[in-house]
file upload_27.txt (compact mmCIF, N, CA and C atoms)
# COMPACT_ATOMS: atom_id res chain seq x y z
N MET Y 12 109.11 91.06 95.64
CA MET Y 12 108.58 89.76 95.98
C MET Y 12 109.61 89.01 96.82
N SER Y 13 109.13 88.29 97.77
CA SER Y 13 110.01 87.56 98.67
C SER Y 13 110.66 86.38 97.97
N ALA Y 14 111.93 86.18 98.25
CA ALA Y 14 112.67 85.08 97.64
C ALA Y 14 112.30 83.74 98.28
N HIS Y 15 111.56 83.74 99.35
CA HIS Y 15 111.26 82.51 100.07
C HIS Y 15 109.90 81.91 99.71
N VAL Y 16 109.32 82.35 98.62
CA VAL Y 16 108.06 81.79 98.15
C VAL Y 16 108.40 80.68 97.16
N PRO Y 17 107.95 79.46 97.43
CA PRO Y 17 108.25 78.36 96.48
C PRO Y 17 107.80 78.72 95.07
N GLU Y 18 108.62 78.35 94.10
CA GLU Y 18 108.38 78.71 92.70
C GLU Y 18 107.02 78.24 92.21
N GLU Y 19 106.61 77.01 92.57
CA GLU Y 19 105.32 76.50 92.09
C GLU Y 19 104.15 77.28 92.70
N LEU Y 20 104.29 77.72 93.94
CA LEU Y 20 103.26 78.53 94.57
C LEU Y 20 103.20 79.92 93.92
N LEU Y 21 104.35 80.52 93.71
CA LEU Y 21 104.41 81.82 93.04
C LEU Y 21 103.78 81.75 91.65
N SER Y 22 104.09 80.68 90.92
CA SER Y 22 103.54 80.50 89.58
C SER Y 22 102.01 80.40 89.61
N PHE Y 23 101.47 79.63 90.57
CA PHE Y 23 100.01 79.49 90.68
C PHE Y 23 99.37 80.81 91.07
N ILE Y 24 99.95 81.52 92.04
CA ILE Y 24 99.40 82.81 92.47
C ILE Y 24 99.40 83.79 91.30
N THR Y 25 100.49 83.82 90.55
CA THR Y 25 100.59 84.72 89.39
C THR Y 25 99.51 84.40 88.36
N LYS Y 26 99.32 83.10 88.07
CA LYS Y 26 98.31 82.68 87.10
C LYS Y 26 96.91 83.08 87.58
N GLU Y 27 96.60 82.84 88.86
CA GLU Y 27 95.28 83.18 89.39
C GLU Y 27 95.06 84.70 89.43
N THR Y 28 96.12 85.44 89.68
CA THR Y 28 96.03 86.90 89.69
C THR Y 28 95.67 87.41 88.30
N GLU Y 29 96.35 86.89 87.29
CA GLU Y 29 96.07 87.29 85.90
C GLU Y 29 94.66 86.88 85.49
N LYS Y 30 94.24 85.68 85.88
CA LYS Y 30 92.90 85.19 85.53
C LYS Y 30 91.82 86.08 86.12
N ALA Y 31 92.05 86.59 87.33
CA ALA Y 31 91.06 87.45 87.99
C ALA Y 31 91.21 88.92 87.60
N ALA Y 32 92.19 89.23 86.76
CA ALA Y 32 92.47 90.61 86.34
C ALA Y 32 92.87 91.50 87.52
N TYR Y 33 93.63 90.92 88.47
CA TYR Y 33 94.18 91.66 89.59
C TYR Y 33 95.64 91.97 89.30
N GLN Y 34 96.17 92.91 90.04
CA GLN Y 34 97.61 93.21 90.01
C GLN Y 34 98.22 92.60 91.26
N LEU Y 35 99.26 91.79 91.08
CA LEU Y 35 100.00 91.24 92.21
C LEU Y 35 101.02 92.29 92.63
N VAL Y 36 100.74 92.96 93.73
CA VAL Y 36 101.58 94.05 94.21
C VAL Y 36 102.81 93.50 94.92
N ASP Y 37 102.61 92.48 95.77
CA ASP Y 37 103.72 91.93 96.53
C ASP Y 37 103.32 90.60 97.15
N ILE Y 38 104.32 89.77 97.39
CA ILE Y 38 104.15 88.56 98.20
C ILE Y 38 105.30 88.57 99.19
N VAL Y 39 104.96 88.46 100.46
CA VAL Y 39 105.97 88.47 101.51
C VAL Y 39 105.88 87.16 102.27
N ALA Y 40 107.01 86.44 102.36
CA ALA Y 40 107.06 85.23 103.19
C ALA Y 40 107.32 85.67 104.62
N ARG Y 41 106.44 85.30 105.51
CA ARG Y 41 106.57 85.67 106.92
C ARG Y 41 107.11 84.51 107.75
N GLY Y 42 107.44 83.45 107.07
CA GLY Y 42 107.94 82.23 107.69
C GLY Y 42 107.91 81.16 106.62
N LYS Y 43 108.22 79.92 107.00
CA LYS Y 43 108.27 78.85 106.01
C LYS Y 43 106.92 78.63 105.33
N ALA Y 44 105.83 78.78 106.07
CA ALA Y 44 104.50 78.52 105.51
C ALA Y 44 103.51 79.62 105.89
N SER Y 45 103.97 80.86 105.86
CA SER Y 45 103.11 81.99 106.17
C SER Y 45 103.39 83.09 105.14
N PHE Y 46 102.34 83.52 104.44
CA PHE Y 46 102.53 84.46 103.34
C PHE Y 46 101.50 85.58 103.37
N GLU Y 47 101.97 86.78 103.05
CA GLU Y 47 101.09 87.92 102.83
C GLU Y 47 101.08 88.18 101.33
N ILE Y 48 99.89 88.16 100.74
CA ILE Y 48 99.71 88.40 99.31
C ILE Y 48 98.96 89.72 99.17
N VAL Y 49 99.59 90.69 98.52
CA VAL Y 49 98.99 92.01 98.37
C VAL Y 49 98.50 92.15 96.93
N LEU Y 50 97.19 92.39 96.77
CA LEU Y 50 96.55 92.49 95.47
C LEU Y 50 95.91 93.86 95.28
N ASP Y 51 95.76 94.24 94.03
CA ASP Y 51 95.04 95.47 93.71
C ASP Y 51 94.38 95.30 92.36
N LYS Y 52 93.54 96.23 92.01
CA LYS Y 52 92.91 96.30 90.69
C LYS Y 52 92.42 97.73 90.51
N PRO Y 53 92.16 98.14 89.28
CA PRO Y 53 91.63 99.49 89.08
C PRO Y 53 90.37 99.70 89.91
N GLY Y 54 90.33 100.78 90.64
CA GLY Y 54 89.20 101.07 91.51
C GLY Y 54 89.33 100.45 92.89
N GLY Y 55 90.37 99.66 93.10
CA GLY Y 55 90.62 99.04 94.41
C GLY Y 55 90.02 97.65 94.53
N ILE Y 56 90.64 96.85 95.36
CA ILE Y 56 90.16 95.48 95.57
C ILE Y 56 89.33 95.44 96.85
N MET Y 57 88.29 94.65 96.85
CA MET Y 57 87.36 94.58 97.97
C MET Y 57 87.71 93.41 98.89
N LEU Y 58 87.25 93.49 100.12
CA LEU Y 58 87.51 92.46 101.12
C LEU Y 58 87.02 91.09 100.67
N ASP Y 59 85.81 91.03 100.10
CA ASP Y 59 85.28 89.73 99.67
C ASP Y 59 86.11 89.14 98.53
N GLU Y 60 86.68 89.97 97.67
CA GLU Y 60 87.56 89.48 96.61
C GLU Y 60 88.84 88.88 97.19
N CYS Y 61 89.37 89.52 98.24
CA CYS Y 61 90.55 88.99 98.93
C CYS Y 61 90.23 87.65 99.56
N ALA Y 62 89.05 87.52 100.15
CA ALA Y 62 88.65 86.27 100.80
C ALA Y 62 88.53 85.13 99.80
N VAL Y 63 87.91 85.40 98.65
CA VAL Y 63 87.76 84.38 97.60
C VAL Y 63 89.14 83.96 97.09
N PHE Y 64 90.00 84.93 96.86
CA PHE Y 64 91.35 84.63 96.36
C PHE Y 64 92.11 83.79 97.39
N SER Y 65 91.98 84.12 98.65
CA SER Y 65 92.65 83.38 99.72
C SER Y 65 92.17 81.92 99.75
N ARG Y 66 90.87 81.71 99.62
CA ARG Y 66 90.34 80.33 99.61
C ARG Y 66 90.86 79.55 98.41
N THR Y 67 90.94 80.20 97.26
CA THR Y 67 91.46 79.55 96.05
C THR Y 67 92.90 79.09 96.26
N ILE Y 68 93.72 79.96 96.80
CA ILE Y 68 95.13 79.63 97.04
C ILE Y 68 95.24 78.55 98.10
N ALA Y 69 94.47 78.65 99.17
CA ALA Y 69 94.52 77.66 100.25
C ALA Y 69 94.11 76.28 99.74
N MET Y 70 93.07 76.21 98.92
CA MET Y 70 92.64 74.92 98.36
C MET Y 70 93.75 74.32 97.50
N TRP Y 71 94.39 75.14 96.67
CA TRP Y 71 95.48 74.65 95.82
C TRP Y 71 96.63 74.12 96.68
N ILE Y 72 96.97 74.84 97.73
CA ILE Y 72 98.05 74.40 98.64
C ILE Y 72 97.70 73.06 99.25
N ASN Y 73 96.45 72.90 99.71
CA ASN Y 73 96.02 71.62 100.30
C ASN Y 73 96.01 70.49 99.26
N GLU Y 74 95.48 70.77 98.06
CA GLU Y 74 95.43 69.75 97.00
C GLU Y 74 96.82 69.29 96.58
N ASN Y 75 97.80 70.18 96.68
CA ASN Y 75 99.17 69.85 96.27
C ASN Y 75 100.05 69.47 97.46
N ASN Y 76 99.42 69.29 98.61
CA ASN Y 76 100.08 68.84 99.82
C ASN Y 76 101.35 69.64 100.14
N MET Y 77 101.26 70.94 99.97
CA MET Y 77 102.39 71.81 100.33
C MET Y 77 102.29 72.14 101.82
N PHE Y 78 103.39 72.20 102.48
CA PHE Y 78 103.49 72.62 103.89
C PHE Y 78 102.70 71.72 104.84
N ASN Y 79 102.41 70.48 104.41
CA ASN Y 79 101.66 69.53 105.25
C ASN Y 79 100.35 70.12 105.78
N GLY Y 80 99.71 70.95 104.96
CA GLY Y 80 98.44 71.55 105.35
C GLY Y 80 98.55 72.64 106.40
N GLU Y 81 99.76 73.02 106.76
CA GLU Y 81 99.99 74.05 107.79
C GLU Y 81 100.46 75.34 107.11
N CYS Y 82 99.53 76.11 106.61
CA CYS Y 82 99.90 77.35 105.91
C CYS Y 82 98.98 78.47 106.35
N ALA Y 83 99.57 79.64 106.57
CA ALA Y 83 98.80 80.83 106.91
C ALA Y 83 98.88 81.81 105.75
N LEU Y 84 97.72 82.27 105.30
CA LEU Y 84 97.66 83.23 104.19
C LEU Y 84 96.97 84.51 104.67
N ASP Y 85 97.52 85.64 104.27
CA ASP Y 85 96.89 86.93 104.49
C ASP Y 85 96.82 87.60 103.13
N VAL Y 86 95.64 87.66 102.54
CA VAL Y 86 95.45 88.31 101.25
C VAL Y 86 94.80 89.66 101.53
N CYS Y 87 95.45 90.72 101.05
CA CYS Y 87 94.97 92.06 101.40
C CYS Y 87 95.23 93.06 100.28
N SER Y 88 94.66 94.24 100.45
CA SER Y 88 94.91 95.35 99.53
C SER Y 88 96.16 96.09 99.99
N PRO Y 89 96.74 96.90 99.13
CA PRO Y 89 97.93 97.64 99.52
C PRO Y 89 97.66 98.77 100.51
N GLY Y 90 96.42 99.14 100.71
CA GLY Y 90 96.08 100.19 101.67
C GLY Y 90 96.24 101.58 101.08
N LEU Y 91 95.77 102.56 101.84
CA LEU Y 91 95.82 103.95 101.39
C LEU Y 91 97.24 104.48 101.28
N ASP Y 92 98.12 104.03 102.16
CA ASP Y 92 99.50 104.51 102.13
C ASP Y 92 100.42 103.47 101.50
N ARG Y 93 99.95 102.94 100.41
CA ARG Y 93 100.61 101.89 99.64
C ARG Y 93 102.10 102.16 99.43
N ALA Y 94 102.91 101.16 99.71
CA ALA Y 94 104.35 101.25 99.46
C ALA Y 94 104.60 101.18 97.95
N LEU Y 95 105.58 101.93 97.50
CA LEU Y 95 105.98 101.92 96.09
C LEU Y 95 107.34 101.26 96.00
N LYS Y 96 107.41 100.13 95.31
CA LYS Y 96 108.66 99.38 95.23
C LYS Y 96 109.09 99.12 93.79
N SER Y 97 108.20 98.62 92.98
CA SER Y 97 108.56 98.19 91.63
C SER Y 97 108.40 99.32 90.62
N ASP Y 98 108.92 99.09 89.42
CA ASP Y 98 108.74 100.05 88.33
C ASP Y 98 107.25 100.30 88.10
N ASN Y 99 106.46 99.22 88.10
CA ASN Y 99 105.01 99.36 87.87
C ASN Y 99 104.34 100.18 88.97
N ASP Y 100 104.81 100.02 90.23
CA ASP Y 100 104.24 100.81 91.32
C ASP Y 100 104.46 102.30 91.07
N PHE Y 101 105.68 102.66 90.69
CA PHE Y 101 105.99 104.07 90.45
C PHE Y 101 105.23 104.60 89.24
N LEU Y 102 105.14 103.81 88.17
CA LEU Y 102 104.38 104.25 86.99
C LEU Y 102 102.91 104.45 87.34
N TRP Y 103 102.36 103.55 88.14
CA TRP Y 103 100.96 103.65 88.58
C TRP Y 103 100.74 104.92 89.40
N ALA Y 104 101.75 105.34 90.17
CA ALA Y 104 101.59 106.47 91.09
C ALA Y 104 101.83 107.83 90.45
N VAL Y 105 102.23 107.87 89.18
CA VAL Y 105 102.44 109.17 88.51
C VAL Y 105 101.15 109.98 88.58
N GLY Y 106 101.28 111.22 89.02
CA GLY Y 106 100.13 112.11 89.17
C GLY Y 106 99.53 112.09 90.57
N LYS Y 107 100.01 111.18 91.41
CA LYS Y 107 99.50 111.07 92.78
C LYS Y 107 100.50 111.68 93.77
N LEU Y 108 100.02 111.97 94.97
CA LEU Y 108 100.89 112.50 96.02
C LEU Y 108 101.68 111.35 96.65
N VAL Y 109 103.00 111.58 96.81
CA VAL Y 109 103.88 110.55 97.36
C VAL Y 109 104.76 111.14 98.45
N TYR Y 110 105.31 110.24 99.25
CA TYR Y 110 106.30 110.59 100.27
C TYR Y 110 107.50 109.70 99.99
N ILE Y 111 108.69 110.32 99.91
CA ILE Y 111 109.91 109.56 99.65
C ILE Y 111 110.96 109.93 100.68
N LYS Y 112 111.51 108.90 101.31
CA LYS Y 112 112.62 109.06 102.24
C LYS Y 112 113.87 108.55 101.53
N MET Y 113 114.94 109.35 101.59
CA MET Y 113 116.15 109.02 100.85
C MET Y 113 117.28 108.55 101.77
N ASN Y 114 118.13 107.69 101.23
CA ASN Y 114 119.32 107.24 101.96
C ASN Y 114 120.30 108.39 102.14
N ASP Y 115 120.57 109.12 101.06
CA ASP Y 115 121.47 110.27 101.07
C ASP Y 115 120.68 111.50 100.68
N PRO Y 116 120.99 112.65 101.28
CA PRO Y 116 120.22 113.86 100.98
C PRO Y 116 120.33 114.29 99.51
N VAL Y 117 119.25 114.87 99.03
CA VAL Y 117 119.23 115.52 97.72
C VAL Y 117 119.11 117.00 98.05
N GLY Y 118 120.14 117.76 97.71
CA GLY Y 118 120.22 119.13 98.22
C GLY Y 118 120.44 119.01 99.71
N GLU Y 119 119.54 119.54 100.47
CA GLU Y 119 119.63 119.41 101.92
C GLU Y 119 118.51 118.55 102.48
N LYS Y 120 117.72 117.95 101.59
CA LYS Y 120 116.55 117.18 102.02
C LYS Y 120 116.85 115.69 102.08
N ARG Y 121 116.36 115.04 103.15
CA ARG Y 121 116.43 113.58 103.26
C ARG Y 121 115.08 112.95 102.94
N GLU Y 122 114.04 113.79 102.87
CA GLU Y 122 112.72 113.31 102.50
C GLU Y 122 112.00 114.39 101.71
N VAL Y 123 111.09 113.94 100.87
CA VAL Y 123 110.33 114.88 100.05
C VAL Y 123 108.92 114.34 99.88
N SER Y 124 107.96 115.26 99.90
CA SER Y 124 106.56 114.93 99.64
C SER Y 124 106.10 115.81 98.50
N GLY Y 125 105.22 115.27 97.69
CA GLY Y 125 104.67 116.05 96.60
C GLY Y 125 104.08 115.15 95.53
N LYS Y 126 103.77 115.77 94.39
CA LYS Y 126 103.16 115.05 93.28
C LYS Y 126 104.25 114.35 92.47
N LEU Y 127 104.07 113.07 92.23
CA LEU Y 127 105.01 112.33 91.38
C LEU Y 127 104.75 112.73 89.94
N ILE Y 128 105.74 113.40 89.36
CA ILE Y 128 105.61 113.93 88.00
C ILE Y 128 106.01 112.89 86.96
N SER Y 129 107.09 112.16 87.23
CA SER Y 129 107.60 111.22 86.25
C SER Y 129 108.31 110.06 86.92
N ALA Y 130 108.12 108.89 86.33
CA ALA Y 130 108.83 107.68 86.75
C ALA Y 130 109.13 106.85 85.51
N GLU Y 131 109.25 107.52 84.38
CA GLU Y 131 109.43 106.83 83.10
C GLU Y 131 110.72 106.03 83.04
N GLY Y 132 111.83 106.63 83.47
CA GLY Y 132 113.09 105.90 83.45
C GLY Y 132 113.20 105.06 84.69
N ILE Y 133 113.98 104.01 84.61
CA ILE Y 133 114.12 103.15 85.79
C ILE Y 133 115.14 103.71 86.77
N ASP Y 134 115.83 104.80 86.38
CA ASP Y 134 116.88 105.34 87.24
C ASP Y 134 116.41 106.43 88.19
N ASP Y 135 115.48 107.28 87.76
CA ASP Y 135 115.08 108.45 88.54
C ASP Y 135 113.57 108.60 88.60
N VAL Y 136 113.12 109.30 89.64
CA VAL Y 136 111.74 109.77 89.71
C VAL Y 136 111.81 111.28 89.91
N ILE Y 137 110.78 111.97 89.44
CA ILE Y 137 110.71 113.43 89.59
C ILE Y 137 109.46 113.77 90.38
N ILE Y 138 109.66 114.52 91.46
CA ILE Y 138 108.56 114.92 92.33
C ILE Y 138 108.46 116.43 92.31
N GLU Y 139 107.24 116.95 92.20
CA GLU Y 139 107.01 118.38 92.39
C GLU Y 139 106.69 118.55 93.87
N ASP Y 140 107.61 119.16 94.61
CA ASP Y 140 107.42 119.27 96.06
C ASP Y 140 106.35 120.30 96.39
N GLU Y 141 106.07 120.45 97.66
CA GLU Y 141 104.99 121.32 98.11
C GLU Y 141 105.25 122.79 97.82
N ALA Y 142 106.53 123.15 97.56
CA ALA Y 142 106.88 124.53 97.20
C ALA Y 142 106.80 124.75 95.69
N GLY Y 143 106.50 123.69 94.92
CA GLY Y 143 106.39 123.80 93.47
C GLY Y 143 107.69 123.55 92.73
N SER Y 144 108.74 123.17 93.43
CA SER Y 144 110.03 122.86 92.80
C SER Y 144 110.09 121.39 92.42
N GLU Y 145 110.80 121.11 91.33
CA GLU Y 145 110.99 119.72 90.93
C GLU Y 145 112.22 119.14 91.63
N VAL Y 146 112.06 117.96 92.19
CA VAL Y 146 113.15 117.26 92.87
C VAL Y 146 113.36 115.94 92.14
N VAL Y 147 114.59 115.71 91.67
CA VAL Y 147 114.94 114.47 90.98
C VAL Y 147 115.62 113.56 92.00
N VAL Y 148 115.08 112.35 92.14
CA VAL Y 148 115.63 111.40 93.10
C VAL Y 148 116.01 110.12 92.36
N SER Y 149 117.22 109.69 92.56
CA SER Y 149 117.66 108.42 91.99
C SER Y 149 116.92 107.28 92.69
N ARG Y 150 116.44 106.32 91.92
CA ARG Y 150 115.73 105.16 92.51
C ARG Y 150 116.64 104.42 93.48
N LYS Y 151 117.94 104.40 93.21
CA LYS Y 151 118.88 103.72 94.10
C LYS Y 151 119.00 104.43 95.44
N ASN Y 152 118.63 105.69 95.49
CA ASN Y 152 118.73 106.49 96.70
C ASN Y 152 117.46 106.44 97.55
N ILE Y 153 116.43 105.76 97.08
CA ILE Y 153 115.16 105.72 97.80
C ILE Y 153 115.21 104.64 98.88
N ALA Y 154 115.06 105.08 100.13
CA ALA Y 154 115.00 104.15 101.27
C ALA Y 154 113.57 103.66 101.45
N LYS Y 155 112.61 104.56 101.23
CA LYS Y 155 111.19 104.24 101.43
C LYS Y 155 110.37 105.16 100.54
N ALA Y 156 109.38 104.61 99.88
CA ALA Y 156 108.48 105.41 99.06
C ALA Y 156 107.07 104.87 99.24
N LYS Y 157 106.12 105.79 99.40
CA LYS Y 157 104.72 105.36 99.56
C LYS Y 157 103.79 106.49 99.13
N LEU Y 158 102.54 106.12 98.91
CA LEU Y 158 101.54 107.16 98.65
C LEU Y 158 101.38 107.99 99.91
N LYS Y 159 101.11 109.26 99.71
CA LYS Y 159 100.88 110.14 100.85
C LYS Y 159 99.38 110.26 101.06
N VAL Y 160 98.96 109.98 102.26
CA VAL Y 160 97.54 110.05 102.61
C VAL Y 160 97.25 111.46 103.12
N CYS Y 161 96.30 112.12 102.50
CA CYS Y 161 95.90 113.46 102.91
C CYS Y 161 94.52 113.38 103.55
N ILE Y 162 94.42 113.94 104.72
CA ILE Y 162 93.13 113.91 105.43
C ILE Y 162 92.60 115.31 105.58
call {"tool": "encode", "arguments": {"input": "upload_27.txt", "output": "structure tokens"}}
result
Amino acid sequence: MSAHVPEELLSFITKETEKAAYQLVDIVARGKASFEIVLDKPGGIMLDECAVFSRTIAMWINENNMFNGECALDVCSPGLDRALKSDNDFLWAVGKLVYIKMNDPVGEKREVSGKLISAEGIDDVIIEDEAGSEVVVSRKNIAKAKLKVCI
């Protein structure tokens, strides 16, 4: 979550997310009054649900006179190639195909694709690569992690 989201706005978004039974995947501040809110729910979130959520947040911002009425909101789903950042993201992705790019090589690999086998500990994730071998990657060594889209 972005550090540049005002605490009262973050608190309201979190409350509304819980009320709607959505998962707050991420909030990114794109400027002083521009925010991307990424939501999900089991089975995926629909465009009309994002639109309703956006209107709810925009009305609250206007009612509370935040940003002098000058705020841009983008409420969206995480997409098919969803980024994995938090502990919950990794736990959610267990059993799914992932792509991980590492800061430092593990063995001779700087990236690995395969099925995420485990993300139970906060220190490591275990991936079964395409050759069927298990690769253990320290979470601190992950530069980028996302779902792998197969077409």
call {"tool": "select_by_dssp", "arguments": {"input": "upload_27.txt", "residues": "chain Y", "states": "alpha helix (DSSP H)", "output": "MDAnalysis selection string"}}
result
chainID Y and resid 18:30 58:74 98:104
call {"tool": "closest_residue", "arguments": {"input": "upload_27.txt", "among": "Y:Tyr33, Y:Phe46, Y:Trp103, Y:Phe23", "to": "Ala83 of chain Y", "atoms": "only N, CA and C atoms"}}
result
Y:Phe46
call {"tool": "closest_residue", "arguments": {"input": "upload_27.txt", "among": "Y:Ile56, Y:Ala62, Y:Ala130, Y:Met70", "to": "Leu91 of chain Y", "atoms": "only C-alpha atoms"}}
result
Y:Ile56
call {"tool": "atom_distance", "arguments": {"input": "upload_27.txt", "atom1": "atom C of Phe101 of chain Y", "atom2": "atom N of Glu141 of chain Y"}}
result
18.0 Å
call {"tool": "atom_distance", "arguments": {"input": "upload_27.txt", "atom1": "atom N of Leu158 of chain Y", "atom2": "atom C of Lys126 of chain Y"}}
result
10.6 Å
call {"tool": "atom_distance", "arguments": {"input": "upload_27.txt", "atom1": "atom CA of Glu122 of chain Y", "atom2": "atom CA of Val49 of chain Y"}}
result
25.7 Å
call {"tool": "residues_near_point", "arguments": {"input": "upload_27.txt", "point": "(106.9, 114.6, 89.7)", "cutoff": "7 Å", "atoms": "only N, CA and C atoms", "output": "ChimeraX atom specification"}}
result
/Y:106,125-130,136-140,145-146
call {"tool": "closest_residue", "arguments": {"input": "upload_27.txt", "among": "Y:Glu47, Y:Glu81, Y:Glu29, Y:Asp115", "to": "Ile153 of chain Y", "atoms": "only C-alpha atoms"}}
result
Y:Asp115
call {"tool": "residues_around", "arguments": {"input": "upload_27.txt", "residues": "Ala40 of chain Y", "least_positions_apart": "6", "cutoff": "12 Å", "atoms": "only C-alpha atoms", "output": "MDAnalysis selection string"}}
result
chainID Y and resid 12:17 20:21 46:49 82:85
call {"tool": "write_last_selection", "arguments": {"input": "upload_27.txt", "atoms": "N, CA and C atoms", "output": "CSV table (one decimal), in the coordinates of the input"}}
result
chain,number,residue,atom,x,y,z
Y,12,MET,N,109.1,91.1,95.6
Y,12,MET,CA,108.6,89.8,96.0
Y,12,MET,C,109.6,89.0,96.8
Y,13,SER,N,109.1,88.3,97.8
Y,13,SER,CA,110.0,87.6,98.7
Y,13,SER,C,110.7,86.4,98.0
Y,14,ALA,N,111.9,86.2,98.2
Y,14,ALA,CA,112.7,85.1,97.6
Y,14,ALA,C,112.3,83.7,98.3
Y,15,HIS,N,111.6,83.7,99.4
Y,15,HIS,CA,111.3,82.5,100.1
Y,15,HIS,C,109.9,81.9,99.7
Y,16,VAL,N,109.3,82.4,98.6
Y,16,VAL,CA,108.1,81.8,98.2
Y,16,VAL,C,108.4,80.7,97.2
Y,17,PRO,N,108.0,79.5,97.4
Y,17,PRO,CA,108.2,78.4,96.5
Y,17,PRO,C,107.8,78.7,95.1
Y,20,LEU,N,104.3,77.7,93.9
Y,20,LEU,CA,103.3,78.5,94.6
Y,20,LEU,C,103.2,79.9,93.9
Y,21,LEU,N,104.4,80.5,93.7
Y,21,LEU,CA,104.4,81.8,93.0
Y,21,LEU,C,103.8,81.8,91.6
Y,46,PHE,N,102.3,83.5,104.4
Y,46,PHE,CA,102.5,84.5,103.3
Y,46,PHE,C,101.5,85.6,103.4
Y,47,GLU,N,102.0,86.8,103.0
Y,47,GLU,CA,101.1,87.9,102.8
Y,47,GLU,C,101.1,88.2,101.3
Y,48,ILE,N,99.9,88.2,100.7
Y,48,ILE,CA,99.7,88.4,99.3
Y,48,ILE,C,99.0,89.7,99.2
Y,49,VAL,N,99.6,90.7,98.5
Y,49,VAL,CA,99.0,92.0,98.4
Y,49,VAL,C,98.5,92.2,96.9
Y,82,CYS,N,99.5,76.1,106.6
Y,82,CYS,CA,99.9,77.4,105.9
Y,82,CYS,C,99.0,78.5,106.4
Y,83,ALA,N,99.6,79.6,106.6
Y,83,ALA,CA,98.8,80.8,106.9
Y,83,ALA,C,98.9,81.8,105.8
Y,84,LEU,N,97.7,82.3,105.3
Y,84,LEU,CA,97.7,83.2,104.2
Y,84,LEU,C,97.0,84.5,104.7
Y,85,ASP,N,97.5,85.6,104.3
Y,85,ASP,CA,96.9,86.9,104.5
Y,85,ASP,C,96.8,87.6,103.1
call {"tool": "decode", "arguments": {"input": "upload_27.txt", "residues": "segment 73-90 of chain Y", "atoms": "N, CA and C atoms", "output": "short mmCIF file (atom, residue, chain, number, x, y, z; two decimals), in the first residue's frame"}}
result
data_model
loop_
_atom_site.label_atom_id
_atom_site.label_comp_id
_atom_site.auth_asym_id
_atom_site.auth_seq_id
_atom_site.Cartn_x
_atom_site.Cartn_y
_atom_site.Cartn_z
N ASN Y 73 -15.78 13.92 -1.53
CA ASN Y 73 -16.46 15.21 -1.70
C ASN Y 73 -17.15 15.68 -0.42
N GLU Y 74 -17.85 14.76 0.26
CA GLU Y 74 -18.55 15.11 1.51
C GLU Y 74 -17.57 15.56 2.60
N ASN Y 75 -16.36 15.03 2.58
CA ASN Y 75 -15.36 15.38 3.58
C ASN Y 75 -14.38 16.44 3.10
N ASN Y 76 -14.70 17.03 1.95
CA ASN Y 76 -13.93 18.13 1.38
C ASN Y 76 -12.42 17.84 1.33
N MET Y 77 -12.10 16.63 0.94
CA MET Y 77 -10.68 16.27 0.75
C MET Y 77 -10.25 16.69 -0.65
N PHE Y 78 -9.06 17.17 -0.78
CA PHE Y 78 -8.44 17.51 -2.07
C PHE Y 78 -9.22 18.59 -2.83
N ASN Y 79 -10.02 19.39 -2.13
CA ASN Y 79 -10.80 20.46 -2.76
C ASN Y 79 -11.63 19.97 -3.95
N GLY Y 80 -12.12 18.74 -3.85
CA GLY Y 80 -12.95 18.18 -4.91
C GLY Y 80 -12.18 17.77 -6.15
N GLU Y 81 -10.86 17.86 -6.11
CA GLU Y 81 -10.01 17.51 -7.27
C GLU Y 81 -9.33 16.18 -7.01
N CYS Y 82 -10.02 15.09 -7.26
CA CYS Y 82 -9.45 13.77 -7.01
C CYS Y 82 -9.75 12.85 -8.17
N ALA Y 83 -8.75 12.08 -8.56
CA ALA Y 83 -8.93 11.08 -9.61
C ALA Y 83 -8.83 9.69 -8.99
N LEU Y 84 -9.84 8.86 -9.25
CA LEU Y 84 -9.85 7.49 -8.73
C LEU Y 84 -9.89 6.50 -9.89
N ASP Y 85 -9.11 5.45 -9.76
CA ASP Y 85 -9.16 4.33 -10.70
C ASP Y 85 -9.35 3.08 -9.85
N VAL Y 86 -10.55 2.53 -9.86
CA VAL Y 86 -10.84 1.31 -9.11
C VAL Y 86 -10.87 0.17 -10.12
N CYS Y 87 -10.04 -0.85 -9.87
CA CYS Y 87 -9.91 -1.91 -10.86
C CYS Y 87 -9.63 -3.26 -10.21
N SER Y 88 -9.67 -4.29 -11.03
CA SER Y 88 -9.32 -5.64 -10.58
C SER Y 88 -7.81 -5.82 -10.75
N PRO Y 89 -7.24 -6.82 -10.11
CA PRO Y 89 -5.80 -7.03 -10.24
C PRO Y 89 -5.38 -7.57 -11.60
N GLY Y 90 -6.31 -8.02 -12.41
CA GLY Y 90 -5.98 -8.52 -13.74
C GLY Y 90 -5.51 -9.96 -13.73
#
